[in-house]
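J.: Below is coords.pdb; it holds PDB, C-alpha atoms.
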ATOM      1  CA  MET F   1    -106.129 120.266 164.634  1.00  0.00           C
ATOM      2  CA  ASP F   2    -107.236 121.197 161.124  1.00  0.00           C
ATOM      3  CA  ILE F   3    -110.398 122.704 162.597  1.00  0.00           C
ATOM      4  CA  LEU F   4    -108.404 125.033 164.845  1.00  0.00           C
ATOM      5  CA  ALA F   5    -106.169 126.076 161.947  1.00  0.00           C
ATOM      6  CA  THR F   6    -109.225 126.804 159.832  1.00  0.00           C
ATOM      7  CA  ILE F   7    -110.841 128.854 162.604  1.00  0.00           C
ATOM      8  CA  LYS F   8    -107.588 130.773 163.106  1.00  0.00           C
ATOM      9  CA  LYS F   9    -107.416 131.472 159.369  1.00  0.00           C
ATOM     10  CA  TRP F  10    -111.030 132.707 159.334  1.00  0.00           C
ATOM     11  CA  ALA F  11    -110.443 134.906 162.391  1.00  0.00           C
ATOM     12  CA  GLY F  12    -107.361 136.409 160.758  1.00  0.00           C
ATOM     13  CA  ALA F  13    -109.234 137.123 157.545  1.00  0.00           C
ATOM     14  CA  LEU F  14    -112.143 138.608 159.489  1.00  0.00           C
ATOM     15  CA  SER F  15    -109.872 140.897 161.504  1.00  0.00           C
ATOM     16  CA  ASP F  16    -108.051 142.025 158.344  1.00  0.00           C
ATOM     17  CA  THR F  17    -111.385 142.817 156.733  1.00  0.00           C
ATOM     18  CA  ALA F  18    -112.577 144.708 159.814  1.00  0.00           C
ATOM     19  CA  VAL F  19    -109.425 146.840 159.893  1.00  0.00           C
ATOM     20  CA  SER F  20    -109.795 147.581 156.177  1.00  0.00           C
ATOM     21  CA  VAL F  21    -113.440 148.594 156.609  1.00  0.00           C
ATOM     22  CA  ILE F  22    -112.589 150.850 159.560  1.00  0.00           C
ATOM     23  CA  ALA F  23    -109.809 152.499 157.543  1.00  0.00           C
ATOM     24  CA  LEU F  24    -112.194 153.009 154.616  1.00  0.00           C
ATOM     25  CA  LEU F  25    -114.846 154.526 156.874  1.00  0.00           C
ATOM     26  CA  ILE F  26    -112.298 156.924 158.376  1.00  0.00           C
ATOM     27  CA  VAL F  27    -111.191 158.045 154.905  1.00  0.00           C
ATOM     28  CA  LEU F  28    -114.803 158.521 153.783  1.00  0.00           C
ATOM     29  CA  GLU F  29    -115.599 160.488 156.929  1.00  0.00           C
ATOM     30  CA  VAL F  30    -112.617 162.772 156.316  1.00  0.00           C
ATOM     31  CA  LEU F  31    -113.414 163.195 152.617  1.00  0.00           C
ATOM     32  CA  PHE F  32    -117.073 164.027 153.198  1.00  0.00           C
ATOM     33  CA  LYS F  33    -116.334 166.104 156.318  1.00  0.00           C
ATOM     34  CA  GLY F  34    -118.560 164.050 158.578  1.00  0.00           C
ATOM     35  CA  ALA F  35    -121.662 164.433 156.413  1.00  0.00           C
ATOM     36  CA  ALA F  36    -124.043 161.496 156.530  1.00  0.00           C
ATOM     37  CA  LEU F  37    -123.567 159.201 153.550  1.00  0.00           C
ATOM     38  CA  PRO F  38    -126.680 157.604 152.108  1.00  0.00           C
ATOM     39  CA  PHE F  39    -125.217 154.082 152.141  1.00  0.00           C
ATOM     40  CA  LEU F  40    -123.747 154.293 155.655  1.00  0.00           C
ATOM     41  CA  PRO F  41    -125.451 154.726 159.000  1.00  0.00           C
ATOM     42  CA  ALA F  42    -124.767 157.924 160.921  1.00  0.00           C
ATOM     43  CA  VAL F  43    -121.738 156.631 162.815  1.00  0.00           C
ATOM     44  CA  ASP F  44    -118.921 158.859 164.060  1.00  0.00           C
ATOM     45  CA  VAL F  45    -115.998 156.526 163.300  1.00  0.00           C
ATOM     46  CA  ILE F  46    -113.273 159.033 164.120  1.00  0.00           C
ATOM     47  CA  GLY F  47    -115.026 159.970 167.369  1.00  0.00           C
ATOM     48  CA  ASN F  48    -115.365 156.314 168.348  1.00  0.00           C
ATOM     49  CA  VAL F  49    -111.693 155.547 167.647  1.00  0.00           C
ATOM     50  CA  THR F  50    -110.660 158.690 169.534  1.00  0.00           C
ATOM     51  CA  GLY F  51    -112.841 157.652 172.475  1.00  0.00           C
ATOM     52  CA  ILE F  52    -111.252 154.197 172.616  1.00  0.00           C
ATOM     53  CA  VAL F  53    -107.757 155.680 172.536  1.00  0.00           C
ATOM     54  CA  LYS F  54    -108.649 158.201 175.266  1.00  0.00           C
ATOM     55  CA  ALA F  55    -110.180 155.468 177.420  1.00  0.00           C
ATOM     56  CA  LEU F  56    -107.081 153.289 177.109  1.00  0.00           C
ATOM     57  CA  GLY F  57    -104.815 156.278 177.775  1.00  0.00           C
ATOM     58  CA  GLY F  58    -106.857 157.299 180.807  1.00  0.00           C
ATOM     59  CA  GLU F  59    -106.365 153.917 182.430  1.00  0.00           C
ATOM     60  CA  GLY F  60    -102.602 154.416 182.817  1.00  0.00           C
ATOM     61  CA  VAL F  61    -100.609 151.213 183.142  1.00  0.00           C
ATOM     62  CA  VAL F  62    -103.673 149.022 182.655  1.00  0.00           C
ATOM     63  CA  GLY F  63    -104.365 150.736 179.336  1.00  0.00           C
ATOM     64  CA  LEU F  64    -100.773 150.236 178.215  1.00  0.00           C
ATOM     65  CA  VAL F  65    -100.936 146.561 179.140  1.00  0.00           C
ATOM     66  CA  ALA F  66    -104.212 146.201 177.209  1.00  0.00           C
ATOM     67  CA  VAL F  67    -102.659 147.820 174.127  1.00  0.00           C
ATOM     68  CA  TRP F  68     -99.603 145.570 174.464  1.00  0.00           C
ATOM     69  CA  VAL F  69    -101.789 142.442 174.698  1.00  0.00           C
ATOM     70  CA  LEU F  70    -103.878 143.471 171.684  1.00  0.00           C
ATOM     71  CA  TYR F  71    -100.752 144.260 169.676  1.00  0.00           C
ATOM     72  CA  SER F  72     -99.217 140.897 170.594  1.00  0.00           C
ATOM     73  CA  ILE F  73    -102.345 139.066 169.517  1.00  0.00           C
ATOM     74  CA  TRP F  74    -102.488 141.014 166.247  1.00  0.00           C
ATOM     75  CA  LYS F  75     -98.792 140.447 165.519  1.00  0.00           C
ATOM     76  CA  ASN F  76     -98.940 136.694 166.173  1.00  0.00           C
ATOM     77  CA  LYS F  77    -102.050 135.950 164.130  1.00  0.00           C
TER
END
Written as structure tokens, that's how I'd like the structure from this file.

T.:
Amino acid sequence: MDILATIKKWAGALSDTAVSVIALLIVLEVLFKGAALPFLPAVDVIGNVTGIVKALGGEGVVGLVAVWVLYSIWKNK
């Protein structure tokens, strides 16, 4: 059971890091007005997040259930 606890801890740390990186990329994209940064690839972070939200919203009840499941997983980690 220690292995599962360790994997859960790593997954939690990885997801926290991913959320922090996404938040940082959004702030950088807003600050630099979408201009390409030399140390980052040309990725439209805000456009990608907006697309995901629109896709989930366009699915109606299925999208709401998916958001609820993801939120439950995030909250219980």

J.: Looking at all atoms listed in the file, which of F:Val62, F:Ile73, F:Leu40, F:Val27 is the one that sits closest to Ser15 of chain F?

T.: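 When distances to Ser15 of chain F are compared using all atoms listed in the file, the smallest one comes from F:Ile73.
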
J.: Considering all atoms listed in the file, can you say which of F:Asp16, F:Asp44, F:Ala66, F:Val49 comes closest to Leu28 of chain F?

T.: F:Asp44

J.: Mind giving me the straight-line distance from atom CA of Tyr71 of chain F to atom CA of Val21 of chain F in Å, one decimal?

T.: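 For atom CA of Tyr71 of chain F relative to atom CA of Val21 of chain F, the distance reads 18.7 Å.
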
J.: So what do you get for atom CA of Pro41 of chain F versus atom CA of Ala13 of chain F, distance-wise?

T.: 24.0 Å

J.: Provide the atom CA of Val43 of chain F to atom CA of Val67 of chain F distance in Å, to one decimal place.

T.: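 Computed distance, atom CA of Val43 of chain F to atom CA of Val67 of chain F, equals 23.9 Å.
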
J.: Let me have the centre and edge lengths in Å, one decimal, of the box along x, y and z around every listed atom of segment 22-27 of chain F with 8 Å of margin on each side, as JSON.

T.:
{"center_x": -112.3, "center_y": 154.4, "center_z": 157.1, "size_x": 21.0, "size_y": 23.2, "size_z": 20.9}
